[in-house]
$ cat structure.csv   # CSV, C-alpha atoms and all ligand atoms
chain,number,residue,atom,x,y,z
A,29,MET,CA,-3.1,-29.7,22.3
A,30,ASP,CA,0.2,-27.9,22.0
A,31,SER,CA,3.1,-29.2,19.8
A,32,ALA,CA,5.2,-30.2,22.8
A,33,SER,CA,2.5,-32.7,24.0
A,34,LYS,CA,2.0,-34.0,20.4
A,35,TYR,CA,5.3,-34.2,18.6
A,36,SER,CA,8.9,-35.4,19.3
A,37,SER,CA,10.5,-32.7,17.1
A,38,TRP,CA,8.8,-30.0,15.1
A,39,ALA,CA,9.4,-26.8,13.2
A,40,GLU,CA,7.3,-23.8,13.8
A,41,VAL,CA,6.9,-21.5,10.8
A,42,ASP,CA,5.6,-18.0,11.2
A,43,LEU,CA,3.7,-17.2,8.0
A,44,GLY,CA,3.2,-13.6,9.0
A,45,ALA,CA,7.0,-13.3,9.0
A,46,ILE,CA,7.2,-14.7,5.4
A,47,GLU,CA,4.5,-12.4,4.2
A,48,GLY,CA,6.2,-9.4,5.8
A,49,ASN,CA,9.7,-10.3,4.5
A,50,VAL,CA,8.4,-10.6,0.9
A,51,ARG,CA,6.8,-7.2,1.3
A,52,VAL,CA,10.0,-5.6,2.6
A,53,LEU,CA,12.0,-7.2,-0.2
A,54,GLY,CA,9.6,-5.7,-2.7
A,55,GLN,CA,9.9,-2.3,-1.1
A,56,ILE,CA,13.7,-2.4,-1.1
A,57,SER,CA,14.1,-3.6,-4.6
A,58,CYS,CA,11.2,-1.5,-6.1
A,59,VAL,CA,10.3,-4.3,-8.5
A,60,PRO,CA,8.0,-7.4,-8.3
A,61,VAL,CA,9.3,-10.4,-6.3
A,62,MET,CA,9.6,-14.0,-7.4
A,63,ALA,CA,9.4,-15.9,-4.1
A,64,VAL,CA,11.8,-18.9,-4.4
A,65,VAL,CA,10.1,-21.9,-2.7
A,66,LYS,CA,12.3,-24.7,-4.0
A,67,ALA,CA,13.4,-27.5,-1.7
A,68,ASN,CA,10.2,-27.5,0.3
A,69,ALA,CA,10.5,-23.7,0.7
A,70,TYR,CA,14.0,-24.0,2.2
A,71,GLY,CA,12.6,-26.6,4.6
A,72,HIS,CA,9.7,-24.3,5.6
A,73,GLY,CA,6.9,-26.1,3.6
A,74,THR,CA,6.2,-25.3,0.0
A,75,VAL,CA,2.4,-24.6,-0.2
A,76,PRO,CA,1.9,-22.6,3.0
A,77,VAL,CA,5.0,-20.5,2.3
A,78,ALA,CA,3.9,-19.9,-1.3
A,79,ARG,CA,0.5,-18.7,-0.2
A,80,ALA,CA,2.0,-16.4,2.4
A,81,ALA,CA,4.5,-15.0,-0.2
A,82,LEU,CA,1.6,-14.3,-2.6
A,83,ARG,CA,-0.2,-12.5,0.3
A,84,GLY,CA,3.0,-10.5,0.8
A,85,GLY,CA,2.8,-9.3,-2.9
A,86,ALA,CA,5.0,-11.9,-4.7
A,87,SER,CA,3.9,-12.1,-8.3
A,88,TRP,CA,5.9,-15.1,-9.3
A,89,LEU,CA,7.0,-18.4,-7.6
A,90,GLY,CA,10.4,-20.0,-8.4
A,91,VAL,CA,11.2,-23.7,-7.9
A,92,ALA,CA,14.0,-26.1,-8.8
A,93,ARG,CA,12.1,-29.1,-10.1
A,94,LEU,CA,8.9,-29.9,-12.1
A,95,ASP,CA,7.5,-31.9,-9.2
A,96,GLU,CA,7.7,-28.8,-6.9
A,97,ALA,CA,5.8,-26.8,-9.5
A,98,LEU,CA,3.2,-29.5,-9.8
A,99,GLU,CA,2.7,-29.5,-6.0
A,100,LEU,CA,1.8,-25.8,-6.2
A,101,ARG,CA,-0.7,-26.4,-9.0
A,102,GLN,CA,-2.2,-29.4,-7.2
A,103,ALA,CA,-2.8,-27.1,-4.2
A,104,GLY,CA,-4.7,-24.7,-6.4
A,105,ILE,CA,-2.0,-22.1,-6.7
A,106,TYR,CA,-2.3,-20.6,-10.3
A,107,SER,CA,0.2,-17.8,-10.1
A,108,PRO,CA,3.2,-17.8,-12.6
A,109,VAL,CA,5.7,-20.4,-11.6
A,110,LEU,CA,9.2,-20.8,-13.1
A,111,ILE,CA,11.3,-23.9,-12.9
A,112,LEU,CA,14.7,-22.4,-12.4
A,113,GLY,CA,16.7,-25.6,-13.0
A,114,TYR,CA,16.6,-28.6,-15.3
A,115,THR,CA,13.4,-30.2,-16.5
A,116,PRO,CA,13.8,-33.5,-18.4
A,117,PRO,CA,12.5,-32.7,-21.9
A,118,ALA,CA,10.4,-35.9,-21.8
A,119,ARG,CA,8.3,-34.1,-19.2
A,120,TYR,CA,7.8,-30.7,-20.9
A,121,ASP,CA,4.2,-31.7,-21.7
A,122,GLU,CA,3.4,-31.8,-18.0
A,123,ALA,CA,4.8,-28.3,-17.5
A,124,ILE,CA,3.1,-26.9,-20.5
A,125,ALA,CA,-0.3,-28.4,-19.6
A,126,ASN,CA,0.0,-26.8,-16.2
A,127,GLN,CA,1.1,-23.4,-17.5
A,128,ILE,CA,4.5,-23.8,-15.7
A,129,SER,CA,7.4,-21.8,-17.2
A,130,LEU,CA,10.6,-23.6,-18.2
A,131,THR,CA,14.2,-22.6,-18.2
A,132,VAL,CA,16.1,-23.4,-21.4
A,133,TRP,CA,19.7,-23.0,-22.6
A,134,GLU,CA,20.2,-25.5,-25.4
A,135,PRO,CA,18.8,-25.7,-29.0
A,136,ALA,CA,17.5,-29.2,-28.1
A,137,HIS,CA,15.3,-27.6,-25.4
A,138,LEU,CA,13.7,-25.3,-28.0
A,139,GLU,CA,12.9,-28.3,-30.3
A,140,ALA,CA,11.4,-30.3,-27.4
A,141,ALA,CA,9.3,-27.3,-26.3
A,142,THR,CA,8.0,-26.5,-29.7
A,143,ALA,CA,7.1,-30.2,-30.3
A,144,ALA,CA,5.4,-30.5,-26.9
A,145,ALA,CA,3.4,-27.2,-27.5
A,146,ALA,CA,2.2,-28.5,-30.9
A,147,ARG,CA,1.1,-31.8,-29.3
A,148,LEU,CA,-0.8,-30.1,-26.6
A,149,GLY,CA,-2.1,-27.1,-28.6
A,150,GLN,CA,-0.9,-24.9,-25.8
A,151,PRO,CA,2.1,-22.5,-25.6
A,152,ALA,CA,5.4,-23.3,-24.0
A,153,ARG,CA,6.5,-20.5,-21.7
A,154,LEU,CA,10.2,-20.2,-21.8
A,155,HIS,CA,12.9,-18.3,-19.9
A,156,LEU,CA,16.4,-18.3,-21.6
A,157,LYS,CA,19.2,-18.8,-19.1
A,158,VAL,CA,22.5,-17.0,-19.8
A,159,ASP,CA,25.7,-18.1,-18.1
A,160,THR,CA,27.4,-14.8,-17.3
A,161,GLY,CA,29.9,-16.3,-14.9
A,162,MET,CA,28.3,-18.8,-12.5
A,163,SER,CA,29.4,-21.6,-15.0
A,164,ARG,CA,26.5,-23.8,-13.8
A,165,LEU,CA,23.6,-23.6,-16.3
A,166,GLY,CA,23.0,-21.3,-19.3
A,167,VAL,CA,24.0,-20.5,-22.8
A,168,GLN,CA,27.4,-18.8,-23.1
A,169,PRO,CA,27.1,-15.0,-23.6
A,170,GLU,CA,28.4,-15.1,-27.1
A,171,ASP,CA,25.7,-17.5,-28.2
A,172,ALA,CA,22.9,-16.0,-26.2
A,173,PHE,CA,21.6,-13.6,-28.8
A,174,ASP,CA,21.4,-16.2,-31.6
A,175,LEU,CA,19.6,-18.7,-29.3
A,176,ALA,CA,17.2,-15.9,-28.2
A,177,ARG,CA,16.4,-15.1,-31.9
A,178,ARG,CA,15.7,-18.8,-32.6
A,179,LEU,CA,13.6,-19.0,-29.5
A,180,ALA,CA,11.5,-16.0,-30.5
A,181,GLY,CA,10.9,-17.5,-33.9
A,182,MET,CA,9.8,-20.9,-32.8
A,183,PRO,CA,6.1,-21.8,-33.3
A,184,GLY,CA,4.1,-22.4,-30.1
A,185,VAL,CA,6.5,-20.9,-27.7
A,186,LEU,CA,6.2,-17.7,-25.6
A,187,PHE,CA,9.5,-15.9,-25.0
A,188,GLU,CA,8.7,-14.9,-21.5
A,189,GLY,CA,12.0,-14.1,-19.9
A,190,VAL,CA,15.8,-14.0,-20.0
A,191,PHE,CA,17.8,-14.4,-16.9
A,192,THR,CA,21.2,-15.1,-15.3
A,193,HIS,CA,22.4,-16.0,-11.8
A,194,PHE,CA,25.2,-14.4,-9.7
A,195,ALA,CA,28.0,-16.4,-8.2
A,196,ARG,CA,29.3,-13.9,-5.7
A,197,SER,CA,26.6,-11.3,-4.9
A,198,ASP,CA,26.8,-12.2,-1.2
A,199,GLU,CA,30.4,-11.1,-0.8
A,200,ALA,CA,31.9,-7.8,0.3
A,201,ASP,CA,33.7,-7.3,-3.0
A,202,LEU,CA,30.9,-6.8,-5.6
A,203,SER,CA,33.2,-6.4,-8.6
A,204,PRO,CA,32.6,-10.0,-9.9
A,205,THR,CA,28.9,-9.3,-9.7
A,206,ALA,CA,29.3,-6.0,-11.5
A,207,GLU,CA,31.1,-7.9,-14.3
A,208,GLN,CA,28.3,-10.5,-14.6
A,209,GLU,CA,25.8,-7.6,-14.6
A,210,ARG,CA,27.7,-5.8,-17.4
A,211,ILE,CA,27.7,-9.0,-19.6
A,212,PHE,CA,24.0,-9.6,-19.0
A,213,THR,CA,23.1,-5.9,-19.7
A,214,GLU,CA,24.9,-6.0,-23.0
A,215,ILE,CA,22.8,-9.0,-24.0
A,216,VAL,CA,19.6,-7.3,-22.9
A,217,HIS,CA,20.5,-4.2,-24.9
A,218,ALA,CA,21.1,-6.3,-28.0
A,219,LEU,CA,17.7,-8.0,-27.6
A,220,GLU,CA,16.1,-4.6,-27.1
A,221,ALA,CA,17.7,-3.2,-30.3
A,222,ALA,CA,16.4,-6.3,-32.2
A,223,ARG,CA,12.9,-5.9,-30.6
A,224,LEU,CA,13.4,-9.3,-29.0
A,225,ARG,CA,13.4,-8.3,-25.4
A,226,PRO,CA,11.1,-10.6,-23.4
A,227,PRO,CA,8.8,-9.2,-20.8
A,228,LYS,CA,10.7,-10.5,-17.8
A,229,VAL,CA,14.4,-9.8,-17.5
A,230,HIS,CA,15.8,-11.0,-14.1
A,231,ALA,CA,19.1,-11.6,-12.4
A,232,ALA,CA,19.1,-10.8,-8.7
A,233,ASN,CA,18.9,-13.4,-5.9
A,234,SER,CA,18.3,-12.1,-2.3
A,235,ALA,CA,21.8,-10.7,-1.8
A,236,ALA,CA,21.9,-8.9,-5.1
A,237,ALA,CA,18.3,-7.6,-4.5
A,238,LEU,CA,19.6,-6.0,-1.3
A,239,VAL,CA,22.9,-4.6,-2.5
A,240,ARG,CA,22.7,-4.1,-6.3
A,241,PRO,CA,19.6,-2.0,-7.2
A,242,SER,CA,20.9,-1.8,-10.8
A,243,ALA,CA,20.6,-5.6,-11.1
A,244,ALA,CA,16.8,-5.6,-10.3
A,245,TYR,CA,15.6,-5.4,-13.9
A,246,ASP,CA,12.0,-6.5,-14.0
A,247,LEU,CA,11.9,-9.0,-11.1
A,248,VAL,CA,14.1,-10.1,-8.1
A,249,ARG,CA,14.3,-13.8,-7.2
A,250,GLY,CA,14.1,-13.8,-3.4
A,251,GLY,CA,15.0,-17.0,-1.5
A,252,ILE,CA,16.9,-16.8,1.7
A,253,ALA,CA,15.7,-13.3,2.6
A,254,ILE,CA,12.0,-14.2,2.5
A,255,TYR,CA,12.7,-16.7,5.2
A,256,GLY,CA,14.3,-13.9,7.3
A,257,LEU,CA,17.8,-15.5,7.0
A,258,HIS,CA,21.0,-13.6,6.2
A,259,PRO,CA,22.4,-14.2,2.7
A,260,SER,CA,25.9,-14.4,4.2
A,261,PRO,CA,27.9,-12.9,7.1
A,262,GLU,CA,29.2,-10.3,4.6
A,263,CYS,CA,25.7,-9.6,3.4
A,264,PRO,CA,23.4,-9.3,6.4
A,265,LEU,CA,19.7,-8.5,6.1
A,266,PRO,CA,18.8,-4.9,6.9
A,267,PRO,CA,16.3,-4.2,9.7
A,268,GLY,CA,12.7,-5.2,8.9
A,269,PHE,CA,13.2,-8.9,8.1
A,270,ARG,CA,12.2,-11.5,10.7
A,271,PRO,CA,13.3,-15.2,10.8
A,272,ALA,CA,10.2,-17.4,10.2
A,273,LEU,CA,11.4,-20.7,11.5
A,274,SER,CA,12.0,-22.2,14.9
A,275,TRP,CA,13.0,-25.9,15.4
A,276,LYS,CA,12.1,-27.6,18.7
A,277,THR,CA,12.0,-30.8,20.6
A,278,VAL,CA,11.0,-31.9,24.1
A,279,ILE,CA,12.6,-33.5,27.1
A,280,SER,CA,11.7,-37.2,27.0
A,281,HIS,CA,13.6,-38.4,30.1
A,282,VAL,CA,15.8,-36.9,32.9
A,283,LYS,CA,17.9,-38.7,35.5
A,284,THR,CA,20.8,-38.1,37.9
A,285,LEU,CA,23.7,-40.5,37.1
A,286,PRO,CA,26.5,-41.4,39.5
A,287,PRO,CA,30.1,-40.6,38.7
A,288,GLY,CA,31.8,-42.8,36.0
A,289,ARG,CA,28.7,-43.5,33.9
A,290,GLY,CA,29.2,-43.6,30.1
A,291,VAL,CA,26.5,-41.7,28.0
A,292,SER,CA,25.2,-42.7,24.5
A,293,TYR,CA,27.0,-44.8,21.8
A,294,GLY,CA,30.7,-45.0,22.4
A,295,HIS,CA,30.5,-43.5,25.9
A,296,GLU,CA,32.2,-40.4,24.5
A,297,TYR,CA,31.0,-38.6,27.6
A,298,VAL,CA,31.6,-40.1,31.1
A,299,THR,CA,30.0,-38.4,34.2
A,300,ARG,CA,32.6,-36.9,36.5
A,301,THR,CA,30.3,-36.5,39.5
A,302,TYR,CA,26.6,-36.9,40.1
A,303,GLU,CA,25.2,-35.3,37.0
A,304,ARG,CA,21.7,-34.5,35.5
A,305,VAL,CA,21.4,-36.0,32.1
A,306,GLY,CA,18.4,-35.4,29.9
A,307,THR,CA,17.2,-37.0,26.6
A,308,ALA,CA,15.4,-35.4,23.7
A,309,PRO,CA,13.8,-37.2,20.7
A,310,VAL,CA,15.6,-35.5,17.8
A,311,GLY,CA,18.5,-37.0,15.9
A,312,TYR,CA,20.5,-37.2,12.7
A,313,ALA,CA,17.5,-38.7,10.9
A,314,ASP,CA,15.7,-35.3,11.6
A,315,GLY,CA,18.6,-33.3,10.2
A,316,PHE,CA,20.3,-32.8,13.6
A,317,ARG,CA,23.8,-33.4,12.4
A,318,ARG,CA,26.0,-36.1,13.9
A,319,LYS,CA,28.6,-33.6,15.0
A,320,LYS,CA,30.2,-32.6,18.3
A,321,LYS,CA,29.6,-29.4,20.3
A,322,HIS,CA,25.9,-28.8,19.9
A,323,THR,CA,24.1,-26.3,22.1
A,324,VAL,CA,20.3,-26.1,22.6
A,325,LEU,CA,18.0,-24.0,24.9
A,326,VAL,CA,16.2,-25.5,27.9
A,327,ALA,CA,14.5,-23.5,30.6
A,328,GLY,CA,15.8,-20.4,28.9
A,329,GLN,CA,19.5,-21.5,29.3
A,330,ARG,CA,22.1,-22.7,26.8
A,331,VAL,CA,22.9,-26.4,27.5
A,332,LYS,CA,25.3,-28.8,25.9
A,333,VAL,CA,24.5,-31.9,23.9
A,334,VAL,CA,26.9,-34.6,25.2
A,335,SER,CA,28.4,-37.6,23.5
A,336,ARG,CA,27.1,-39.0,20.2
A,337,VAL,CA,24.0,-37.8,18.4
A,338,CYS,CA,21.9,-40.9,17.7
A,339,MET,CA,19.5,-41.4,14.8
A,340,ASP,CA,16.4,-40.4,16.8
A,341,GLN,CA,17.7,-38.9,20.1
A,342,ILE,CA,20.3,-36.7,21.8
A,343,MET,CA,21.5,-36.4,25.4
A,344,LEU,CA,21.8,-33.1,27.2
A,345,LEU,CA,23.8,-32.1,30.3
A,346,LEU,CA,21.3,-30.5,32.6
A,347,ASN,CA,23.4,-29.7,35.7
A,348,ARG,CA,22.8,-26.0,35.3
A,349,VAL,CA,19.1,-26.4,35.0
A,350,PRO,CA,18.1,-28.9,37.7
A,351,GLN,CA,14.4,-27.7,37.5
A,352,VAL,CA,14.0,-29.3,34.0
A,353,ARG,CA,11.3,-31.9,33.8
A,354,ILE,CA,10.0,-34.4,31.2
A,355,GLY,CA,7.8,-32.5,28.7
A,356,ASP,CA,9.8,-29.2,28.8
A,357,GLU,CA,10.4,-27.6,25.5
A,358,VAL,CA,13.9,-27.7,24.0
A,359,VAL,CA,14.9,-25.1,21.3
A,360,ILE,CA,17.4,-26.0,18.6
A,361,ILE,CA,16.7,-22.9,16.5
A,362,GLY,CA,14.7,-20.0,17.9
A,363,SER,CA,14.3,-18.2,21.2
A,364,GLN,CA,13.4,-19.2,24.7
A,365,GLY,CA,13.3,-16.6,27.5
A,366,GLU,CA,16.1,-14.2,26.9
A,367,GLU,CA,18.2,-16.6,24.9
A,368,ARG,CA,18.2,-17.2,21.1
A,369,ILE,CA,20.0,-19.6,18.8
A,370,THR,CA,19.9,-18.5,15.1
A,371,ALA,CA,20.2,-20.7,12.1
A,372,GLU,CA,23.4,-18.8,11.4
A,373,GLU,CA,24.9,-19.9,14.8
A,374,VAL,CA,24.0,-23.5,14.0
A,375,ALA,CA,25.6,-23.1,10.6
A,376,ARG,CA,28.8,-21.8,12.1
A,377,ARG,CA,28.9,-24.8,14.5
A,378,TRP,CA,28.3,-27.2,11.7
A,379,GLY,CA,30.7,-25.7,9.3
A,380,THR,CA,28.1,-24.8,6.7
A,381,ASN,CA,25.7,-22.0,5.8
A,382,ASN,CA,22.2,-21.3,7.1
A,383,TYR,CA,20.7,-22.4,3.8
A,384,GLU,CA,21.9,-26.0,4.4
A,385,VAL,CA,20.7,-26.0,8.0
A,386,VAL,CA,17.1,-25.2,7.3
A,387,CYS,CA,17.0,-27.3,4.0
A,388,GLY,CA,18.3,-30.2,6.1
A,389,ILE,CA,15.5,-30.3,8.6
A,390,GLY,CA,14.1,-33.8,7.9
A,391,ALA,CA,10.9,-34.8,6.2
A,392,ARG,CA,9.6,-36.5,9.4
A,393,VAL,CA,9.7,-33.3,11.4
A,394,PRO,CA,6.2,-31.8,11.2
A,395,ARG,CA,5.9,-28.2,10.2
A,396,VAL,CA,3.5,-26.3,12.4
A,397,TYR,CA,2.2,-23.0,11.1
A,398,SER,CA,1.2,-19.8,12.8
A,399,GLY,CA,-0.7,-17.1,10.7
A,400,ASP,CA,-3.1,-17.8,7.9
A,401,LEU,CA,-2.6,-21.0,6.0
B,1,LIG,C1,17.9,-20.6,-5.3
B,1,LIG,C2,18.0,-19.6,-6.4
B,1,LIG,C3,17.6,-18.2,-6.1
B,1,LIG,C4,17.4,-17.7,-4.7
B,1,LIG,O1,18.6,-17.5,-4.0
B,1,LIG,P1,18.7,-16.9,-2.6
B,1,LIG,O2,20.2,-16.7,-2.4
B,1,LIG,O3,18.2,-17.9,-1.6
B,1,LIG,O4,18.0,-15.6,-2.6
B,1,LIG,C5,17.5,-17.4,-7.1
B,1,LIG,N1,17.8,-17.7,-8.4
B,1,LIG,C6,18.2,-19.0,-8.7
B,1,LIG,C7,18.4,-19.4,-10.1
B,1,LIG,C8,18.3,-20.0,-7.7
B,1,LIG,O5,18.6,-21.2,-8.0
$ encode --input "structure.csv" --output "structure tokens"
Amino acid sequence: MDSASKYSSWAEVDLGAIEGNVRVLGQISCVPVMAVVKANAYGHGTVPVARAALRGGASWLGVARLDEALELRQAGIYSPVLILGYTPPARYDEAIANQISLTVWEPAHLEAATAAAARLGQPARLHLKVDTGMSRLGVQPEDAFDLARRLAGMPGVLFEGVFTHFARSDEADLSPTAEQERIFTEIVHALEAARLRPPKVHAANSAAALVRPSAAYDLVRGGIAIYGLHPSPECPLPPGFRPALSWKTVISHVKTLPPGRGVSYGHEYVTRTYERVGTAPVGYADGFRRKKKHTVLVAGQRVKVVSRVCMDQIMLLLNRVPQVRIGDEVVIIGSQGEERITAEEVARRWGTNNYEVVCGIGARVPRVYSGDL
């Protein structure tokens, strides 16, 4: 049975595209790739994406939360995993017992890690985060060396990595990125001189991996690019990357309405003449934003969503495509015939970025995979 006869709204994820994108990112950056699969792999599905990324040559996986890392382990994925963000120290034991690497930036983290490692009789794998200008997480640059030295001397801990994160690597002007890189490189040199350099030094997100080869160090952390999505309008992907995700729904009802009929909550649209109006079962509870001016594809044509988006449904104006029938596929993101709507186009319409569009596809929208699971 195909998805259109089974589901109301679904996302199709091409795992071959993920695998290929990881491979291309590795070729461009010339260093190993950490595939960033946080937030349900940017809405694409954590476990299938992680497996595809590993097939594409990724040697690390990056997540934001402990529970995301545990999901990978429970699925039998035993590659190195780094939690890039905060882990409550009360849960360090779970990370250590599952050989999950932790990000630390405070002396209190080192104490908690060494205590947990002693309790478990297993090493805590730590990456020191340095704040070189994002001002989000990380030890300040002037305190980084001292904290690294303390870390390296703690019993039961493995000093596995040191990293930073760029605030503006997806912009046309790369001077703020160059400055962050300079600060970070200085710290790395100091660690090298003191024979404290950990095996994994990393800094680049997708944008930096594409445009700043000098920031590749030992590993690039690829998120948005492995999904085939552009880091930003100023930092487009080069050829060779393919978007992996399409988001679809189906026509659930069509009718011709007489002039003067109000459509959906609030009757924000009123028919002017005899008009074909269709309904599709996707709504704001699926992540289809309650905004005006949506466009979707039906019968290979762009059609307008009219009036208010409901929790579970939208209404479409089908005057231009009178041949549309119940059961026909509707494309929200993806291609149909000659037409294509990208996540970037939806982001422009919604006043956000492509990251938020794909991360916002709701949990009740099933992910349907093509390629090896
Ligand atoms: C999310 C994240 C990434 C990936 O960023 P992209 O722009 O999607 O490539 C890399 N590093 C850290 C610390 C992150 O939080």
$ residues_near_ligand --input "structure.csv" --ligand "ligand LIG 1 (chain B)" --cutoff "10 Å" --atoms "all atoms listed in the file" --output "PyMOL selection string"
chain A and resi 62-67+69-70+90-92+110-113+131+157+164-165+191-195+197-198+230-238+248-255+257-260+383
$ residues_around --input "structure.csv" --residues "region 318-333 of chain A" --least-positions-apart "5" --cutoff "9 Å" --atoms "all atoms listed in the file" --output "PyMOL selection string"
chain A and resi 279+311-312+338-339+342-349+351-352+356-369+374+377-378
$ closest_residue --input "structure.csv" --among "A:Ala32, A:Val185, A:Leu219, A:Leu130" --to "Ala145 (chain A)" --atoms "only C-alpha atoms"
A:Val185
$ atom_distance --input "structure.csv" --atom1 "CA of Ala222 (chain A)" --atom2 "CA of His155 (chain A)"
17.5 Å
$ closest_residue --input "structure.csv" --among "A:Glu199, A:Pro226, A:Asp246, A:Tyr293" --to "Cys263 (chain A)" --atoms "all atoms listed in the file"
A:Glu199
$ atom_distance --input "structure.csv" --atom1 "CA of Leu138 (chain A)" --atom2 "CA of Glu207 (chain A)"
28.2 Å
$ atom_distance --input "structure.csv" --atom1 "CA of Phe212 (chain A)" --atom2 "CA of Pro227 (chain A)"
15.3 Å
$ residues_around --input "structure.csv" --residues "Arg353 (chain A)" --least-positions-apart "6" --cutoff "9 Å" --atoms "only C-alpha atoms" --output "JSON, numbers by chain"
{"A": [279, 280, 281, 282, 306]}
$ closest_residue --input "structure.csv" --among "A:Ser292, A:Thr380, A:Gln168, A:Gln102" --to "Val337 (chain A)" --atoms "all atoms listed in the file"
A:Ser292
$ residues_around --input "structure.csv" --residues "region 285-287 of chain A" --least-positions-apart "6" --cutoff "10 Å" --atoms "only C-alpha atoms" --output "list in words"
Val298, Thr299, Arg300, Thr301, Tyr302, Glu303, Arg304 and Val305 of chain A
$ write_last_selection --input "structure.csv" --atoms "C-alpha atoms" --output "compact mmCIF listing (two decimals), in the coordinates of the input"
# COMPACT_ATOMS: atom_id res chain seq x y z
CA VAL A 298 31.60 -40.10 31.10
CA THR A 299 30.00 -38.40 34.20
CA ARG A 300 32.60 -36.90 36.50
CA THR A 301 30.30 -36.50 39.50
CA TYR A 302 26.60 -36.90 40.10
CA GLU A 303 25.20 -35.30 37.00
CA ARG A 304 21.70 -34.50 35.50
CA VAL A 305 21.40 -36.00 32.10
$ decode --input "structure.csv" --residues "region 286-341 of chain A" --atoms "C-alpha atoms" --output "tab-separated table (two decimals), in the first residue's frame"
chain	number	residue	atom	x	y	z
A	286	PRO	CA	-21.49	28.66	-4.92
A	287	PRO	CA	-20.54	32.35	-4.69
A	288	GLY	CA	-20.61	33.89	-1.20
A	289	ARG	CA	-19.60	30.80	0.82
A	290	GLY	CA	-17.22	31.33	3.73
A	291	VAL	CA	-14.36	28.83	4.09
A	292	SER	CA	-12.77	27.54	7.35
A	293	TYR	CA	-12.74	29.20	10.79
A	294	GLY	CA	-13.42	32.91	10.63
A	295	HIS	CA	-14.55	32.76	6.98
A	296	GLU	CA	-11.41	34.67	6.05
A	297	TYR	CA	-11.96	33.51	2.49
A	298	VAL	CA	-15.35	33.91	0.82
A	299	THR	CA	-15.95	32.44	-2.66
A	300	ARG	CA	-16.47	35.08	-5.37
A	301	THR	CA	-17.95	32.78	-7.98
A	302	TYR	CA	-18.46	29.00	-8.30
A	303	GLU	CA	-15.14	27.74	-6.93
A	304	ARG	CA	-13.42	24.35	-6.43
A	305	VAL	CA	-12.27	24.01	-2.85
A	306	GLY	CA	-10.31	21.01	-1.58
A	307	THR	CA	-9.37	19.84	1.90
A	308	ALA	CA	-6.17	18.11	3.03
A	309	PRO	CA	-5.50	16.47	6.42
A	310	VAL	CA	-2.47	18.43	7.65
A	311	GLY	CA	-2.56	21.28	10.13
A	312	TYR	CA	-0.69	23.24	12.71
A	313	ALA	CA	-0.54	20.20	15.00
A	314	ASP	CA	1.65	18.63	12.29
A	315	GLY	CA	3.92	21.67	12.12
A	316	PHE	CA	2.09	23.33	9.19
A	317	ARG	CA	2.20	26.83	10.59
A	318	ARG	CA	-0.96	28.83	11.24
A	319	LYS	CA	0.13	31.56	8.85
A	320	LYS	CA	-1.33	33.15	5.74
A	321	LYS	CA	-0.09	32.69	2.17
A	322	HIS	CA	0.82	29.04	1.97
A	323	THR	CA	1.37	27.35	-1.38
A	324	VAL	CA	1.40	23.59	-2.02
A	325	LEU	CA	1.62	21.39	-5.11
A	326	VAL	CA	-1.34	19.42	-6.48
A	327	ALA	CA	-1.47	17.82	-9.95
A	328	GLY	CA	1.96	19.33	-10.59
A	329	GLN	CA	0.65	22.89	-10.08
A	330	ARG	CA	1.17	25.48	-7.36
A	331	VAL	CA	-2.12	26.08	-5.51
A	332	LYS	CA	-3.01	28.39	-2.64
A	333	VAL	CA	-4.06	27.43	0.84
A	334	VAL	CA	-7.07	29.61	1.67
A	335	SER	CA	-8.42	30.95	4.93
A	336	ARG	CA	-7.23	29.69	8.32
A	337	VAL	CA	-5.03	26.67	8.85
A	338	CYS	CA	-6.82	24.36	11.31
A	339	MET	CA	-5.21	22.03	13.85
A	340	ASP	CA	-5.54	19.00	11.55
A	341	GLN	CA	-6.65	20.32	8.15
